[in-house]
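Visitor: Before I ask anything, here is the structure I am working with.
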Amino acid sequence: MALQARVAVAEHSSSSLYAGFIPSSTNHVRLSSSLGSLASSSSLIQGDTLRSLSNADIGYRIAGPKWGRRLGSPCPALSFPVKASASATSPKKVLIINTNSGGHAVIGFWLVKELQSRGHDVTILTVGDESSDKMKKTPFSRFSELRETGAKTVWGSPSDLSSAVGSASFDVVLDNNGKDLEAVKPVVDWAKANGVQQFLFVSSAGIYKTTDEPPHVEGDSVKASAGHVGVEEYIASLSFSCWASFRPQYMVGSGNNKDCEEWFFDRIVRDRPVPIPYPGVQVTNISHVKDLSSMITLAIENPDAANGITFNAVSDRGVTFNGLVKFCAAAAGKEAKIVYYDPKAVGVDAKKAFPFRNMHFYAEPRAAKEKLGWKSTTNLPEDLKERFQEYTAIGRDKKDIKFELDDKILAALQTA
């Protein structure tokens, strides 16, 4: 396989590298490859997983935009300081504005547990009403677990926080709800007016522009039209004592209510073929939500180290579509049959027929390792076993599920 490397201005022999490909004296090697060449590689993909390793102990210099600098503003090469200590600081009063739906909802749930276990005082405000049907789903149905830790759970509107939290004061506010400035601005403005020292925002790695040099790293170009970009710029403009942004990808973990791995389980337990967009070696990133919560916790406990930084909130391992099918099948104790298809050829919208982007889409948590000394604990094969236990516990393996799009794909392949 032919690899093309782009080298930054400094040299460091033990910096970021990929399994099976180790640069002898260069730093920040970025992968450039077509699907075909990636499929033929035996040195880069090992067991259908891709691993990124980095040295978080040594400061070095890179060229390009500064992490966290207002988007689009270049700066000269810079030096990173020694990584932050992971030791706990004095207890903080933290307010989390949590979405009431989607994959990000579980981030707030896990973060509350993490922060409370480390002695912080957390209030989580979920958007909407406590009596709504949405609260019957996980993770909201498990909020009693949060109250048992001493955390406060309240409901309300981000545009009227005073009604929900009263006169309570907070050291840190994290918005894990809004996707654009209209939704987040009331929270940011309230925090600024009430003397909040640190503002954190859960953004998305989906704002990166498509690249020929995966993985995405902090400082890569973003889509100017993405709502999260406007939020990050606005927060940076307000001169909080400390601020940071986190860009997650796909997540796994107890309490998640967004279908990702369940899509695979639904087919595997029913002995149905698993239709995968060809060629199946597309690489993505699935992180356990505990990795996200530990990263955000380190930023709260080390605000100076995190200040002004955009963090890719992801694990340090990639997984191929093929690998994900294999891991889900192993978690279910079954064999899986993969069927490959071209979405255009069979006449289906890949976004509706498959739960992941049909492309290489994965990021590297470089900033968290360098600035916070963070380490990933995601072990996807084991994490999927936990999720399969929950899958069967709620009886989803016995539910009547329709597979109209799958049937359309399979019928088209038979007639091709």
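Residues in the structure tokens are named by chain (A, B, ... in the order shown) and by number from 1 within that chain; ligands are numbered from 1 in the order shown.
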List every residue of stretch 210-258 of chain A that has an atom at most 12 Å from any atom of stretch 99-103 of chain A, giving for each one its closest atom pair and the distance in Å to one decimal, counting only C-alpha atoms, sorted by chain and then by ascending residue number, as JSON lines.

Guide:
```
{"residue": "A:Pro248", "atom": "CA", "partner": "A:Gly103", "partner_atom": "CA", "distance": 10.2}
{"residue": "A:Gln249", "atom": "CA", "partner": "A:Gly103", "partner_atom": "CA", "distance": 9.6}
{"residue": "A:Tyr250", "atom": "CA", "partner": "A:Gly103", "partner_atom": "CA", "distance": 7.9}
{"residue": "A:Met251", "atom": "CA", "partner": "A:Gly103", "partner_atom": "CA", "distance": 7.2}
{"residue": "A:Val252", "atom": "CA", "partner": "A:Gly103", "partner_atom": "CA", "distance": 9.0}
{"residue": "A:Gly253", "atom": "CA", "partner": "A:Gly103", "partner_atom": "CA", "distance": 10.2}
{"residue": "A:Ser254", "atom": "CA", "partner": "A:Gly103", "partner_atom": "CA", "distance": 11.6}
{"residue": "A:Gly255", "atom": "CA", "partner": "A:Gly103", "partner_atom": "CA", "distance": 9.8}
{"residue": "A:Asn256", "atom": "CA", "partner": "A:Gly103", "partner_atom": "CA", "distance": 6.4}
{"residue": "A:Asn257", "atom": "CA", "partner": "A:Gly103", "partner_atom": "CA", "distance": 6.4}
{"residue": "A:Lys258", "atom": "CA", "partner": "A:Gly103", "partner_atom": "CA", "distance": 5.0}
```

Visitor: Quick one: write out the picked residues with C-alpha atoms as a PDB file, in the first residue's frame?

Guide:
```pdb
ATOM      1  CA  PRO A 248     -17.720  13.985  19.834  1.00  0.00           C
ATOM      2  CA  GLN A 249     -18.520  11.410  17.178  1.00  0.00           C
ATOM      3  CA  TYR A 250     -20.498   8.208  17.666  1.00  0.00           C
ATOM      4  CA  MET A 251     -20.911   6.900  21.197  1.00  0.00           C
ATOM      5  CA  VAL A 252     -21.590   3.666  23.008  1.00  0.00           C
ATOM      6  CA  GLY A 253     -22.466   3.206  26.666  1.00  0.00           C
ATOM      7  CA  SER A 254     -25.155   2.252  29.142  1.00  0.00           C
ATOM      8  CA  GLY A 255     -28.170   4.538  28.923  1.00  0.00           C
ATOM      9  CA  ASN A 256     -27.681   5.555  25.303  1.00  0.00           C
ATOM     10  CA  ASN A 257     -30.997   5.841  23.460  1.00  0.00           C
ATOM     11  CA  LYS A 258     -29.725   6.455  19.935  1.00  0.00           C
TER      12      LYS A 258
END
```

Visitor: Quick one: residues within 12 Å of A:Asn358, only C-alpha atoms counted, chain neighbours fewer than 4 positions away excluded, as a PyMOL selection string?

Guide: chain A and resi 35+210+276-284+320-321+341-344+349-354+362

Visitor: Go ahead and write the selection's residues with N, CA, C and O atoms as an mmCIF file, in the first residue's frame.

Guide:
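Listing of result36.cif after writing:
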```cif
data_model
loop_
_atom_site.group_PDB
_atom_site.id
_atom_site.type_symbol
_atom_site.label_atom_id
_atom_site.label_comp_id
_atom_site.auth_asym_id
_atom_site.auth_seq_id
_atom_site.Cartn_x
_atom_site.Cartn_y
_atom_site.Cartn_z
ATOM 1 N N LEU A 35 -10.144 4.291 -0.808
ATOM 2 C CA LEU A 35 -10.770 3.115 -0.216
ATOM 3 C C LEU A 35 -10.084 1.853 -0.700
ATOM 4 O O LEU A 35 -9.852 0.924 0.067
ATOM 5 N N THR A 210 -14.892 17.381 4.748
ATOM 6 C CA THR A 210 -14.344 16.115 4.279
ATOM 7 C C THR A 210 -12.869 16.296 3.932
ATOM 8 O O THR A 210 -12.480 17.293 3.324
ATOM 9 N N ILE A 276 -24.103 -3.821 4.180
ATOM 10 C CA ILE A 276 -23.072 -2.821 4.447
ATOM 11 C C ILE A 276 -22.691 -2.132 3.132
ATOM 12 O O ILE A 276 -22.448 -2.811 2.132
ATOM 13 N N PRO A 277 -22.607 -0.810 3.112
ATOM 14 C CA PRO A 277 -22.134 -0.141 1.904
ATOM 15 C C PRO A 277 -20.738 -0.627 1.530
ATOM 16 O O PRO A 277 -19.850 -0.690 2.384
ATOM 17 N N TYR A 278 -20.565 -0.975 0.251
ATOM 18 C CA TYR A 278 -19.282 -1.480 -0.229
ATOM 19 C C TYR A 278 -18.192 -0.412 -0.051
ATOM 20 O O TYR A 278 -18.455 0.772 -0.200
ATOM 21 N N PRO A 279 -16.940 -0.791 0.329
ATOM 22 C CA PRO A 279 -16.400 -2.158 0.468
ATOM 23 C C PRO A 279 -16.334 -2.662 1.915
ATOM 24 O O PRO A 279 -15.787 -3.714 2.177
ATOM 25 N N GLY A 280 -16.816 -1.865 2.886
ATOM 26 C CA GLY A 280 -16.839 -2.308 4.277
ATOM 27 C C GLY A 280 -15.615 -1.954 5.087
ATOM 28 O O GLY A 280 -15.573 -2.222 6.289
ATOM 29 N N VAL A 281 -14.592 -1.359 4.435
ATOM 30 C CA VAL A 281 -13.380 -0.992 5.166
ATOM 31 C C VAL A 281 -13.390 0.489 5.567
ATOM 32 O O VAL A 281 -12.396 1.003 6.071
ATOM 33 N N GLN A 282 -14.513 1.168 5.356
ATOM 34 C CA GLN A 282 -14.624 2.552 5.784
ATOM 35 C C GLN A 282 -14.403 2.619 7.298
ATOM 36 O O GLN A 282 -14.955 1.828 8.058
ATOM 37 N N VAL A 283 -13.592 3.569 7.728
ATOM 38 C CA VAL A 283 -13.209 3.668 9.133
ATOM 39 C C VAL A 283 -14.013 4.763 9.829
ATOM 40 O O VAL A 283 -14.148 5.874 9.311
ATOM 41 N N THR A 284 -14.536 4.441 10.986
ATOM 42 C CA THR A 284 -15.230 5.419 11.805
ATOM 43 C C THR A 284 -14.711 5.318 13.229
ATOM 44 O O THR A 284 -13.788 4.559 13.518
ATOM 45 N N THR A 320 -13.530 -0.393 11.409
ATOM 46 C CA THR A 320 -14.141 -0.478 10.096
ATOM 47 C C THR A 320 -15.582 -0.964 10.226
ATOM 48 O O THR A 320 -15.981 -1.541 11.243
ATOM 49 N N PHE A 321 -16.374 -0.746 9.181
ATOM 50 C CA PHE A 321 -17.735 -1.276 9.169
ATOM 51 C C PHE A 321 -17.713 -2.795 9.321
ATOM 52 O O PHE A 321 -18.524 -3.378 10.052
ATOM 53 N N TYR A 341 -23.277 -3.615 -0.777
ATOM 54 C CA TYR A 341 -24.088 -3.007 -1.828
ATOM 55 C C TYR A 341 -23.606 -1.588 -2.107
ATOM 56 O O TYR A 341 -22.956 -0.953 -1.274
ATOM 57 N N ASP A 342 -23.947 -1.105 -3.281
ATOM 58 C CA ASP A 342 -23.709 0.277 -3.675
ATOM 59 C C ASP A 342 -25.037 1.011 -3.528
ATOM 60 O O ASP A 342 -26.000 0.696 -4.248
ATOM 61 N N PRO A 343 -25.155 1.969 -2.607
ATOM 62 C CA PRO A 343 -26.442 2.638 -2.370
ATOM 63 C C PRO A 343 -27.072 3.205 -3.638
ATOM 64 O O PRO A 343 -28.292 3.080 -3.837
ATOM 65 N N LYS A 344 -26.283 3.828 -4.504
ATOM 66 C CA LYS A 344 -26.827 4.414 -5.724
ATOM 67 C C LYS A 344 -27.337 3.331 -6.663
ATOM 68 O O LYS A 344 -28.389 3.479 -7.304
ATOM 69 N N ASP A 349 -31.173 5.616 -0.115
ATOM 70 C CA ASP A 349 -30.422 6.690 0.523
ATOM 71 C C ASP A 349 -29.587 6.074 1.641
ATOM 72 O O ASP A 349 -30.132 5.539 2.602
ATOM 73 N N ALA A 350 -28.268 6.152 1.504
ATOM 74 C CA ALA A 350 -27.386 5.518 2.496
ATOM 75 C C ALA A 350 -27.621 6.071 3.892
ATOM 76 O O ALA A 350 -27.443 5.356 4.887
ATOM 77 N N LYS A 351 -28.020 7.340 4.006
ATOM 78 C CA LYS A 351 -28.253 7.936 5.319
ATOM 79 C C LYS A 351 -29.432 7.282 6.032
ATOM 80 O O LYS A 351 -29.487 7.257 7.261
ATOM 81 N N LYS A 352 -30.375 6.760 5.264
ATOM 82 C CA LYS A 352 -31.540 6.096 5.853
ATOM 83 C C LYS A 352 -31.336 4.593 5.993
ATOM 84 O O LYS A 352 -31.946 3.963 6.853
ATOM 85 N N ALA A 353 -30.490 4.049 5.146
ATOM 86 C CA ALA A 353 -30.311 2.594 5.134
ATOM 87 C C ALA A 353 -29.224 2.105 6.071
ATOM 88 O O ALA A 353 -29.167 0.907 6.380
ATOM 89 N N PHE A 354 -28.356 3.032 6.548
ATOM 90 C CA PHE A 354 -27.211 2.620 7.356
ATOM 91 C C PHE A 354 -26.948 3.687 8.418
ATOM 92 O O PHE A 354 -27.076 4.883 8.137
ATOM 93 N N TYR A 362 -13.474 9.747 10.981
ATOM 94 C CA TYR A 362 -12.973 9.523 12.333
ATOM 95 C C TYR A 362 -11.989 10.628 12.686
ATOM 96 O O TYR A 362 -11.347 11.215 11.822
#
```

Visitor: Could you list, as a list in words, every residue within 10 Å of A:Lys192, counting only C-alpha atoms and ignoring same-chain residues fewer than 2 positions away?

Guide: Val173, Pro186, Val187, Val188, Asp189, Trp190, Asn194, Gly195, Val196, Gln197, Gln198, Phe199, Ile235, Leu238, Ser239, Phe240 and Ser241 of chain A

Visitor: Go through stretch 222-369 of chain A and collect every residue that DSSP, computed from the backbone, puts in helix (DSSP H, G or I); the answer should be as a ChimeraX atom specification.

Guide: /A:227-237,261-268,289-301,303-306,321-332,343-346,350-353,366-369

Visitor: Out of A:Asp212, A:Glu382, A:Glu218, A:Glu335, which residue has the shortest atom-to-atom distance to A:Met359 when counting only C-alpha atoms?

Guide: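 Nearest to A:Met359: A:Asp212.
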
Visitor: Taking into account only C-alpha atoms, which residue in the set A:His288, A:Tyr208, A:Pro275, A:Lys152 is nearest to A:Leu405?

Guide: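 Of the candidates, the smallest distance to A:Leu405 is held by A:Pro275.
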
Visitor: Need to verify the contact set: A:Val122, 10 Å, only C-alpha atoms, exclusion of same-chain residues closer than 6 positions in sequence. Can you return it as a PyMOL selection string?

Guide: chain A and resi 91-96+111-113+115-116+146-147+149-153+170+172-173

Visitor: Please save C-alpha atoms of the selected residues as a PDB file, in the first residue's frame.

Guide:
```
ATOM      1  CA  PRO A  91     -14.935  21.222  44.330  1.00  0.00           C
ATOM      2  CA  LYS A  92     -16.752  23.110  41.602  1.00  0.00           C
ATOM      3  CA  LYS A  93     -20.420  23.972  41.267  1.00  0.00           C
ATOM      4  CA  VAL A  94     -21.379  22.780  37.801  1.00  0.00           C
ATOM      5  CA  LEU A  95     -24.546  23.348  35.762  1.00  0.00           C
ATOM      6  CA  ILE A  96     -25.153  21.030  32.796  1.00  0.00           C
ATOM      7  CA  LEU A 111     -20.754  13.352  33.286  1.00  0.00           C
ATOM      8  CA  VAL A 112     -22.896  13.958  36.358  1.00  0.00           C
ATOM      9  CA  LYS A 113     -21.822  10.613  37.792  1.00  0.00           C
ATOM     10  CA  LEU A 115     -18.170  14.780  38.564  1.00  0.00           C
ATOM     11  CA  GLN A 116     -20.139  13.767  41.655  1.00  0.00           C
ATOM     12  CA  LEU A 146     -27.994  10.803  39.754  1.00  0.00           C
ATOM     13  CA  ARG A 147     -30.025  12.052  42.699  1.00  0.00           C
ATOM     14  CA  THR A 149     -25.170  10.721  44.287  1.00  0.00           C
ATOM     15  CA  GLY A 150     -26.382  14.071  45.606  1.00  0.00           C
ATOM     16  CA  ALA A 151     -26.827  15.700  42.211  1.00  0.00           C
ATOM     17  CA  LYS A 152     -29.800  17.939  41.499  1.00  0.00           C
ATOM     18  CA  THR A 153     -32.063  17.205  38.523  1.00  0.00           C
ATOM     19  CA  PHE A 170     -22.166  28.171  39.408  1.00  0.00           C
ATOM     20  CA  VAL A 172     -18.920  26.075  35.437  1.00  0.00           C
ATOM     21  CA  VAL A 173     -21.707  25.858  32.855  1.00  0.00           C
TER      22      VAL A 173
END
```

Visitor: Could you pull out the residues in stretch 180-222 of chain A that DSSP calls strand (DSSP E or B) from the backbone, as a PDB file with C-alpha atoms, in the first residue's frame?

Guide:
```pdb
ATOM      1  CA  GLN A 198     -15.727  28.513  32.804  1.00  0.00           C
ATOM      2  CA  PHE A 199     -18.070  27.834  29.888  1.00  0.00           C
ATOM      3  CA  LEU A 200     -17.957  24.514  28.050  1.00  0.00           C
ATOM      4  CA  PHE A 201     -19.805  23.504  24.900  1.00  0.00           C
ATOM      5  CA  VAL A 202     -20.496  20.046  23.450  1.00  0.00           C
ATOM      6  CA  TYR A 208     -15.218  19.086   9.895  1.00  0.00           C
ATOM      7  CA  HIS A 216      -9.553  14.826  11.633  1.00  0.00           C
ATOM      8  CA  VAL A 222     -14.679  23.196   9.381  1.00  0.00           C
TER       9      VAL A 222
END
```

Visitor: Of the candidates A:Ala332, A:Val339, A:Ala306, A:Ala105, which shows the shortest atom-to-atom distance to A:Ala368, using only C-alpha atoms?

Guide: A:Ala306

Visitor: So what do you get for atom CA of A:Ser141 versus atom CA of A:Val289, distance-wise?

Guide: 17.6 Å
